[in-house]
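This is input.txt (compact mmCIF, C-alpha atoms).
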# COMPACT_ATOMS: atom_id res chain seq x y z
CA MET A 28 -51.87 90.04 182.74
CA ASP A 29 -49.58 89.39 185.73
CA LEU A 30 -48.80 85.94 187.05
CA LEU A 31 -51.37 85.88 189.87
CA LYS A 32 -54.21 87.03 187.60
CA LYS A 33 -53.31 84.32 185.10
CA LEU A 34 -53.29 81.74 187.86
CA GLU A 35 -56.64 82.90 189.23
CA ALA A 36 -58.13 82.60 185.75
CA VAL A 37 -56.72 79.08 185.40
CA TYR A 38 -58.10 78.10 188.82
CA ASP A 39 -61.55 79.47 187.93
CA ARG A 40 -61.50 77.42 184.72
CA PHE A 41 -60.36 74.33 186.65
CA GLN A 42 -63.27 74.64 189.09
CA PHE A 43 -65.71 75.15 186.21
CA LEU A 44 -64.45 71.98 184.51
CA GLU A 45 -64.71 70.10 187.81
CA GLU A 46 -68.39 71.06 188.04
CA ARG A 47 -68.95 70.06 184.38
CA LEU A 48 -67.45 66.62 185.01
CA ALA A 49 -70.07 66.02 187.69
CA ASN A 50 -72.90 67.01 185.33
CA PRO A 51 -75.05 63.99 184.30
CA GLU A 52 -75.39 65.33 180.75
CA VAL A 53 -71.59 65.39 180.35
CA LEU A 54 -71.23 61.96 181.93
CA SER A 55 -73.63 60.52 179.36
CA ASN A 56 -71.76 62.10 176.42
CA LEU A 57 -68.51 60.15 175.97
CA SER A 58 -66.83 62.53 173.51
CA GLU A 59 -67.69 65.60 175.61
CA TYR A 60 -66.55 63.84 178.79
CA LYS A 61 -63.19 62.91 177.21
CA LYS A 62 -62.65 66.47 175.97
CA ILE A 63 -63.39 68.05 179.36
CA SER A 64 -61.40 65.37 181.25
CA LYS A 65 -58.35 66.05 179.08
CA GLU A 66 -58.46 69.81 179.71
CA TYR A 67 -59.05 69.20 183.43
CA LYS A 68 -56.05 66.88 183.62
CA ASP A 69 -53.88 69.35 181.69
CA LEU A 70 -54.61 72.04 184.30
CA GLU A 71 -54.01 69.86 187.37
CA ALA A 72 -50.25 70.48 187.62
CA VAL A 73 -50.66 74.27 187.33
CA VAL A 74 -53.47 74.33 189.90
CA SER A 75 -51.44 72.21 192.31
CA SER A 76 -48.52 74.66 192.06
CA TYR A 77 -50.89 77.62 192.40
CA LEU A 78 -52.44 76.26 195.61
CA GLU A 79 -48.95 75.62 196.98
CA LEU A 80 -48.04 79.24 196.15
CA LYS A 81 -51.11 80.48 197.99
CA LYS A 82 -50.08 78.51 201.08
CA LEU A 83 -46.57 79.95 200.93
CA ASN A 84 -47.90 83.51 200.62
CA ALA A 85 -50.23 82.95 203.59
CA SER A 86 -47.35 81.52 205.60
CA LEU A 87 -45.22 84.53 204.64
CA GLU A 88 -47.87 86.96 205.93
CA SER A 89 -48.29 85.12 209.25
CA THR A 90 -44.53 84.95 209.74
CA ARG A 91 -44.17 88.69 209.10
CA GLU A 92 -46.62 89.31 211.96
CA MET A 93 -44.06 87.69 214.26
CA LEU A 94 -41.75 90.63 213.59
CA VAL A 95 -44.21 92.94 215.33
CA GLY A 96 -44.06 92.94 219.11
CA GLY A 97 -41.90 89.83 219.43
CA ASP A 98 -38.65 89.53 221.38
CA ALA A 99 -35.23 89.54 219.69
CA GLU A 100 -35.00 85.76 219.46
CA MET A 101 -38.48 85.50 217.92
CA LYS A 102 -37.64 88.23 215.37
CA GLU A 103 -34.41 86.47 214.38
CA PHE A 104 -36.30 83.23 213.85
CA ALA A 105 -38.96 85.05 211.79
CA GLU A 106 -36.36 86.72 209.56
CA ILE A 107 -34.72 83.36 208.78
CA GLU A 108 -38.13 81.81 208.08
CA ILE A 109 -39.14 84.73 205.82
CA SER A 110 -35.94 84.39 203.80
CA ASP A 111 -36.56 80.65 203.36
CA ILE A 112 -40.19 81.18 202.30
CA ASN A 113 -39.23 83.90 199.82
CA GLU A 114 -36.72 81.55 198.16
CA LYS A 115 -39.43 78.90 197.81
CA ILE A 116 -41.86 81.47 196.36
CA VAL A 117 -39.36 82.65 193.73
CA ALA A 118 -38.58 79.05 192.71
CA LEU A 119 -42.28 78.16 192.52
CA GLU A 120 -43.11 81.27 190.49
CA ASP A 121 -40.37 80.34 188.00
CA LYS A 122 -41.83 76.84 187.76
CA LEU A 123 -45.32 78.26 187.20
CA LYS A 124 -44.12 80.54 184.40
CA VAL A 125 -42.89 77.45 182.56
CA GLN A 126 -46.08 75.50 183.35
CA LEU A 127 -48.19 78.34 181.93
CA VAL A 128 -46.45 78.23 178.55
CA PRO A 129 -49.17 77.08 176.12
CA LYS A 130 -48.79 73.44 175.11
CA ASP A 131 -48.61 72.41 171.51
CA PRO A 132 -52.08 70.93 170.85
CA GLU A 133 -50.38 68.02 169.08
CA ASP A 134 -48.34 67.05 172.17
CA SER A 135 -51.02 64.66 173.41
CA LYS A 136 -51.15 62.70 170.14
CA ASP A 137 -49.90 59.18 169.48
CA VAL A 138 -47.18 58.84 166.85
CA ILE A 139 -45.87 56.92 163.88
CA PHE A 140 -42.18 56.46 164.72
CA GLU A 141 -39.74 55.67 161.91
CA ILE A 142 -36.05 54.75 162.15
CA ARG A 143 -34.09 54.40 158.92
CA SER A 144 -30.40 53.60 158.34
CA GLY A 145 -28.47 56.42 156.68
CA THR A 146 -24.89 56.80 155.53
CA GLY A 147 -22.48 54.13 156.68
CA GLY A 148 -23.64 50.87 155.10
CA ASP A 149 -24.02 47.87 157.40
CA GLU A 150 -22.87 49.86 160.43
CA ALA A 151 -25.70 52.34 159.86
CA SER A 152 -28.24 49.48 159.90
CA ILE A 153 -26.75 48.13 163.11
CA PHE A 154 -26.97 51.61 164.66
CA ALA A 155 -30.61 51.88 163.56
CA GLY A 156 -31.17 48.65 165.51
CA ASP A 157 -29.43 50.16 168.53
CA LEU A 158 -31.72 53.20 168.36
CA PHE A 159 -34.74 50.91 168.09
CA ARG A 160 -33.66 49.12 171.27
CA MET A 161 -33.01 52.45 173.06
CA TYR A 162 -36.37 53.93 172.16
CA THR A 163 -38.49 50.84 172.84
CA ARG A 164 -36.91 50.46 176.27
CA PHE A 165 -37.85 54.09 176.97
CA PHE A 166 -41.39 53.51 175.68
CA ASP A 167 -41.72 50.63 178.15
CA THR A 168 -40.66 52.84 181.07
CA GLN A 169 -43.40 55.31 180.08
CA GLY A 170 -46.07 52.62 179.97
CA TRP A 171 -46.62 53.26 176.26
CA THR A 172 -47.55 50.50 173.83
CA HIS A 173 -45.67 50.05 170.57
CA GLU A 174 -46.43 47.90 167.55
CA VAL A 175 -44.09 47.22 164.63
CA VAL A 176 -45.86 48.29 161.42
CA LEU A 177 -42.99 47.69 159.00
CA GLU A 178 -39.67 45.91 159.50
CA SER A 179 -36.86 45.74 156.92
CA PRO A 180 -33.85 44.02 158.51
CA GLY A 181 -30.29 44.99 157.64
CA SER A 182 -28.08 42.43 155.92
CA VAL A 183 -25.83 41.93 158.98
CA GLY A 184 -28.21 42.98 161.75
CA GLY A 185 -30.26 45.97 162.79
CA PHE A 186 -32.66 47.55 160.32
CA SER A 187 -32.58 49.37 157.04
CA LYS A 188 -36.00 50.71 158.11
CA ILE A 189 -38.46 50.06 160.91
CA VAL A 190 -41.78 51.80 161.53
CA LEU A 191 -43.63 51.71 164.86
CA ASP A 192 -47.09 52.74 166.01
CA VAL A 193 -46.64 54.21 169.52
CA THR A 194 -49.62 54.99 171.75
CA GLY A 195 -49.81 56.43 175.25
CA THR A 196 -49.97 59.68 177.19
CA ASP A 197 -48.33 62.75 175.57
CA VAL A 198 -46.22 60.61 173.24
CA TYR A 199 -45.64 63.28 170.60
CA GLY A 200 -44.98 65.92 173.27
CA LYS A 201 -42.04 63.91 174.59
CA MET A 202 -40.72 62.40 171.36
CA LYS A 203 -41.11 65.24 168.82
CA PHE A 204 -37.55 66.46 169.36
CA GLU A 205 -36.10 63.14 168.17
CA SER A 206 -36.77 63.79 164.47
CA GLY A 207 -33.54 64.29 162.53
CA ALA A 208 -30.21 62.68 161.77
CA HIS A 209 -28.50 60.76 164.60
CA ARG A 210 -24.76 60.23 164.09
CA VAL A 211 -22.66 57.49 165.68
CA GLN A 212 -18.88 57.36 166.05
CA ARG A 213 -17.40 54.01 167.04
CA VAL A 214 -15.21 51.09 165.94
CA PRO A 215 -17.39 48.54 164.11
CA ASP A 216 -17.04 44.88 165.07
CA THR A 217 -15.88 44.20 161.51
CA GLU A 218 -13.07 46.80 161.65
CA ALA A 219 -9.80 44.90 162.15
CA SER A 220 -7.57 47.98 162.36
CA GLY A 221 -9.56 49.61 165.18
CA ARG A 222 -10.40 52.68 163.10
CA ILE A 223 -13.38 54.76 164.24
CA HIS A 224 -16.20 54.96 161.70
CA THR A 225 -18.94 57.59 161.47
CA SER A 226 -22.40 56.39 160.47
CA ALA A 227 -25.91 57.78 160.71
CA ALA A 228 -29.55 56.88 161.05
CA THR A 229 -32.57 59.13 160.63
CA VAL A 230 -35.59 59.31 162.92
CA VAL A 231 -38.98 60.71 161.95
CA VAL A 232 -41.66 61.24 164.61
CA MET A 233 -45.05 61.96 163.04
CA PRO A 234 -48.14 62.72 165.14
CA LYS A 235 -51.15 60.60 164.23
CA MET A 236 -53.52 63.14 162.77
CA GLU A 237 -57.19 63.17 161.83
CA LEU A 238 -58.85 65.28 159.17
CA GLU A 239 -60.48 67.33 161.92
CA ASP A 240 -57.02 68.49 163.02
CA ILE A 241 -56.65 70.79 160.01
CA ASP A 242 -58.98 72.76 157.78
CA VAL A 243 -59.43 70.25 154.97
CA ASN A 244 -62.74 69.47 153.32
CA LYS A 245 -63.34 65.74 152.93
CA ALA A 246 -64.86 66.46 149.52
CA ASP A 247 -61.41 67.69 148.43
CA LEU A 248 -59.85 64.27 148.98
CA ARG A 249 -59.59 61.35 146.59
CA VAL A 250 -58.88 57.96 148.12
CA ASP A 251 -57.37 55.12 146.10
CA THR A 252 -56.55 51.61 147.26
CA PHE A 253 -54.13 49.40 145.41
CA ARG A 254 -52.16 46.19 145.68
CA SER A 255 -48.84 46.59 147.43
CA SER A 256 -45.62 45.21 146.05
CA GLY A 257 -42.43 44.22 147.77
CA ALA A 258 -41.63 42.17 150.87
CA GLY A 259 -44.47 40.20 152.36
CA GLY A 260 -45.01 37.30 150.00
CA GLN A 261 -48.25 36.57 148.18
CA HIS A 262 -50.40 38.43 150.71
CA VAL A 263 -49.39 41.93 149.62
CA ASN A 264 -49.94 41.13 145.95
CA LYS A 265 -53.45 39.74 146.40
CA THR A 266 -54.83 42.28 148.87
CA GLU A 267 -55.53 45.94 148.12
CA SER A 268 -53.92 47.08 151.35
CA GLY A 269 -52.07 50.07 149.90
CA VAL A 270 -53.81 53.43 150.42
CA ARG A 271 -53.22 56.71 148.57
CA PHE A 272 -54.79 60.08 149.43
CA THR A 273 -54.78 62.96 146.94
CA HIS A 274 -55.65 66.49 148.09
CA LEU A 275 -57.30 67.82 144.91
CA PRO A 276 -56.90 71.61 145.49
CA THR A 277 -53.13 71.35 145.99
CA GLY A 278 -52.29 68.11 144.20
CA ILE A 279 -50.50 66.87 147.32
CA VAL A 280 -50.31 63.06 147.41
CA ALA A 281 -49.51 60.75 150.29
CA GLU A 282 -49.66 56.97 150.44
CA SER A 283 -48.70 54.03 152.59
CA THR A 284 -47.89 50.40 151.91
CA ASP A 285 -46.01 50.00 155.18
CA SER A 286 -48.57 47.66 156.75
CA ARG A 287 -50.52 44.62 155.57
CA SER A 288 -53.56 46.21 157.18
CA GLN A 289 -55.49 48.65 155.00
CA HIS A 290 -56.82 50.32 158.15
CA LYS A 291 -53.29 50.93 159.44
CA ASN A 292 -52.18 52.19 156.02
CA ARG A 293 -55.09 54.64 155.98
CA GLU A 294 -53.89 56.04 159.32
CA ILE A 295 -50.31 56.38 158.13
CA ALA A 296 -51.22 57.83 154.73
CA MET A 297 -53.62 60.32 156.32
CA GLY A 298 -50.96 61.39 158.80
CA ARG A 299 -48.48 61.89 155.97
CA LEU A 300 -50.97 63.87 153.90
CA ILE A 301 -51.86 66.18 156.77
CA GLN A 302 -48.19 66.67 157.61
CA LYS A 303 -47.42 67.54 153.96
CA ILE A 304 -50.28 70.06 153.85
CA LYS A 305 -49.12 71.59 157.13
CA ASP A 306 -45.51 71.71 155.92
CA THR A 307 -46.66 73.53 152.76
CA GLN A 308 -48.60 76.04 154.85
CA VAL A 309 -45.67 76.56 157.20
CA ALA A 310 -43.22 77.00 154.29
CA ALA A 311 -45.50 79.62 152.72
CA TYR A 312 -45.75 81.46 156.03
CA GLU A 313 -42.02 81.34 156.74
CA SER A 314 -41.22 82.73 153.31
CA THR A 315 -43.14 85.88 154.25
CA VAL A 316 -41.46 86.21 157.63
CA ALA A 317 -37.94 85.12 156.75
CA ALA A 318 -36.50 87.28 159.51
CA ALA A 319 -38.47 85.45 162.19
CA ARG A 320 -36.35 83.51 164.66
CA LYS A 321 -36.47 79.75 164.20
CA SER A 322 -37.11 77.49 167.15
CA LEU A 323 -34.09 76.68 169.27
CA VAL A 324 -34.61 72.94 168.85
CA GLY A 325 -34.59 73.06 165.06
CA SER A 326 -37.03 72.02 162.39
CA GLY A 327 -36.64 68.26 162.82
CA ASP A 328 -35.68 67.94 159.17
CA ARG A 329 -33.82 64.74 158.32
CA SER A 330 -30.86 66.77 157.08
CA ASP A 331 -30.33 68.26 160.55
CA LYS A 332 -27.56 66.41 162.43
CA ILE A 333 -29.19 66.74 165.78
CA ARG A 334 -27.12 64.39 167.91
CA THR A 335 -23.83 62.49 168.07
CA TYR A 336 -23.24 59.24 169.97
CA ASN A 337 -19.49 58.84 170.55
CA TYR A 338 -18.75 55.36 171.91
CA PRO A 339 -14.97 55.68 172.56
CA GLN A 340 -15.65 58.64 174.88
CA ASN A 341 -18.95 57.25 176.24
CA ARG A 342 -20.40 60.63 175.20
CA MET A 343 -23.68 61.82 173.75
CA THR A 344 -24.01 65.40 172.49
CA ASP A 345 -27.19 67.12 171.34
CA HIS A 346 -26.00 69.88 169.02
CA ARG A 347 -29.19 71.96 169.19
CA ILE A 348 -28.81 72.92 172.85
CA ASN A 349 -25.14 72.01 173.40
CA TYR A 350 -26.14 69.30 175.86
CA THR A 351 -23.47 66.69 176.60
CA SER A 352 -23.67 63.57 178.75
CA TYR A 353 -20.80 61.16 179.49
CA ASN A 354 -23.22 58.36 180.27
CA LEU A 355 -23.80 56.93 176.81
CA THR A 356 -24.12 53.36 178.09
CA ASP A 357 -27.17 54.26 180.18
CA ILE A 358 -28.63 56.36 177.37
CA MET A 359 -28.45 53.46 174.91
CA ASN A 360 -30.26 51.35 177.52
CA GLY A 361 -33.25 53.70 177.23
CA ASN A 362 -32.46 56.26 179.93
CA ILE A 363 -33.15 59.32 177.77
CA GLU A 364 -35.48 61.22 180.12
CA ASP A 365 -32.83 63.85 180.99
CA ILE A 366 -32.12 64.87 177.39
CA LEU A 367 -35.83 64.93 176.52
CA GLU A 368 -36.50 67.14 179.55
CA ALA A 369 -33.62 69.47 178.62
CA LEU A 370 -35.07 69.85 175.12
CA ARG A 371 -38.54 70.51 176.52
CA ILE A 372 -37.20 73.20 178.86
CA ALA A 373 -35.24 74.79 176.00
CA GLU A 374 -38.39 74.94 173.88
CA ASN A 375 -40.41 76.48 176.74
CA MET A 376 -37.72 79.10 177.38
CA GLU A 377 -37.76 79.97 173.69
CA LYS A 378 -41.55 80.34 173.78
CA MET A 379 -41.31 82.56 176.84
CA LYS A 380 -38.87 84.86 175.02
CA GLY A 381 -41.37 85.24 172.23
CA GLU A 382 -44.20 86.33 174.53
Kindly present the structure from the file in structure tokens form.
Amino acid sequence: MDLLKKLEAVYDRFQFLEERLANPEVLSNLSEYKKISKEYKDLEAVVSSYLELKKLNASLESTREMLVGGDAEMKEFAEIEISDINEKIVALEDKLKVQLVPKDPEDSKDVIFEIRSGTGGDEASIFAGDLFRMYTRFFDTQGWTHEVVLESPGSVGGFSKIVLDVTGTDVYGKMKFESGAHRVQRVPDTEASGRIHTSAATVVVMPKMELEDIDVNKADLRVDTFRSSGAGGQHVNKTESGVRFTHLPTGIVAESTDSRSQHKNREIAMGRLIQKIKDTQVAAYESTVAAARKSLVGSGDRSDKIRTYNYPQNRMTDHRINYTSYNLTDIMNGNIEDILEALRIAENMEKMKGE
């Protein structure tokens, strides 16, 4: 199917959804209304670009008519205008090709966002704190809400581990590339000789999943609650806030004691279980297609060193797409939109190659 036919099909679907949203039966059904509204909103950007393309093509045709029967000056003007319109059409068609790349259905999900200190001792904990500050500032610019679920401070600052619940629009779609090992190179405040140290922190971005998101029978799950142990004082010992899910057919187990709230622990444990089941399915699939090309932006595994933050050179490098910025100060203040957009474009280009 060529580009215009695809766009016409999208526009027809958009108009159909618009009619459905005005239907009283849909308006009275909240779940149906939300589902249709989401699809309608997802198509808006493509439809807007498509209508702009139609205007440009109409303008191109009318300008070409000026070449017939006009004087020399009029023809010269028309030729310049045609060249300008054609450039705009080519640019818009390229944009539309990217917009038409199918979205990951998980992109719209909220996330559980974990930052954990890695190698490097106290400096790694401090860096985990720096990443927490960077990310939460970015969340604020997006209008997302974030709640600390678990906080384990480092001995001299920062965090040994911190877990956040982040909600908003397309959170996972923007943040999914952040999973992996983040490396920092700088002179710690405690280093008297001025020697540069290398430390690391790991980030895990997990979409908040529901059972309906994968093919799992509720009857195949066993749910256990138990009393948590660890930080939190008497509360965690007296309350059965810990939650453990066991998927009986596979024996896969996932649990959470991160929060004092059993409800929140159920969400986290369920997300972990679903992710483990999906990872098992993906691993089984990849073993049968070992020759298949892996995604350009990597697997997001914690062992992947995805990015380096070099303070002496004010440089940040993302190793997956060879992206380098010499504006580390701004990045650490939460201005990470450019790198996230570069990663999104890289993923879309990779998807387009596979079509």
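Excluding Met93 in chain A itself and same-chain residues fewer than 5 positions from it, the residues having an atom within 8 Å of it are Met101, Lys102 and Ala105 of chain A, counting only C-alpha atoms.
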Range 158-255 of chain A residues near range 273-284 of chain A within 10 Å, closest pair each, using only C-alpha atoms, as a Markdown table:
| residue | atom | partner | partner_atom | distance |
| --- | --- | --- | --- | --- |
| A:Val176 | CA | A:Thr284 | CA | 10.0 |
| A:Leu177 | CA | A:Thr284 | CA | 9.0 |
| A:Val243 | CA | A:His274 | CA | 8.7 |
| A:Asn244 | CA | A:His274 | CA | 9.3 |
| A:Lys245 | CA | A:His274 | CA | 9.1 |
| A:Ala246 | CA | A:Leu275 | CA | 9.0 |
| A:Asp247 | CA | A:Leu275 | CA | 5.4 |
| A:Leu248 | CA | A:His274 | CA | 4.8 |
| A:Arg249 | CA | A:Thr273 | CA | 5.1 |
| A:Val250 | CA | A:Thr273 | CA | 6.6 |
| A:Asp251 | CA | A:Thr273 | CA | 8.3 |
| A:Thr252 | CA | A:Glu282 | CA | 9.3 |
| A:Phe253 | CA | A:Thr284 | CA | 9.1 |
| A:Arg254 | CA | A:Thr284 | CA | 8.6 |
| A:Ser255 | CA | A:Thr284 | CA | 6.0 |
(request) Work out how far CA of Tyr353 in chain A is from CA of Gly145 in chain A, in Å to one decimal. (result) 24.5 Å
(message) Neighbouring residues of Gln340 in chain A were defined as those with any atom within 10 Å, considering only C-alpha atoms; residues of the same chain fewer than 6 positions away were excluded. Please report them as a list in words.
(response) Gln212, Arg213, Tyr353, Asn354 and Leu355 of chain A
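Counting all atoms listed in the file, the residue from A:Ser179, A:Gln126, A:Ser110, A:Thr229 that sits nearest to Glu141 in chain A is A:Thr229.
Computed from the coordinates, the CA of Ala208 in chain A to CA of Val190 in chain A distance equals 15.9 Å.
Among the candidates A:Lys124, A:Arg47, A:Arg271, A:Lys332, the residue lying nearest to Lys33 in chain A is A:Lys124 (atoms considered: only C-alpha atoms).
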(message) Quick one: residues within 12 Å of range 220-224 of chain A, only C-alpha atoms, excluding same-chain residues fewer than 3 positions away - as a ChimeraX atom specification?
(response) /A:146-151,154,210-217,227,336-340
Hey, which bits of range 80-150 of chain A sit within 12 Å of range 369-374 of chain A, and for each residue what's the closest pair of atoms and how far apart in Å (one decimal), counting only C-alpha atoms, rows by chain and increasing number, as a tab-separated table?
residue	atom	partner	partner_atom	distance
A:Lys122	CA	A:Ile372	CA	10.7
A:Lys124	CA	A:Ile372	CA	11.5
A:Val125	CA	A:Ile372	CA	8.0
A:Gln126	CA	A:Ile372	CA	10.2
A:Val128	CA	A:Glu374	CA	9.9
A:Pro129	CA	A:Glu374	CA	11.2
A:Lys130	CA	A:Glu374	CA	10.6
A:Asp131	CA	A:Glu374	CA	10.8
A:Asp134	CA	A:Arg371	CA	11.3
(request) Please provide as a list in words all residues within 9 Å of Leu34 in chain A, with the sequence filter that same-chain residues fewer than 4 positions apart are discarded (counting all atoms listed in the file). (result)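 Near Leu34 in chain A, the qualifying residues are Asp29, Leu30, Tyr38, Asp39, Val73, Val74, Tyr77, Leu123 and Leu127 of chain A.
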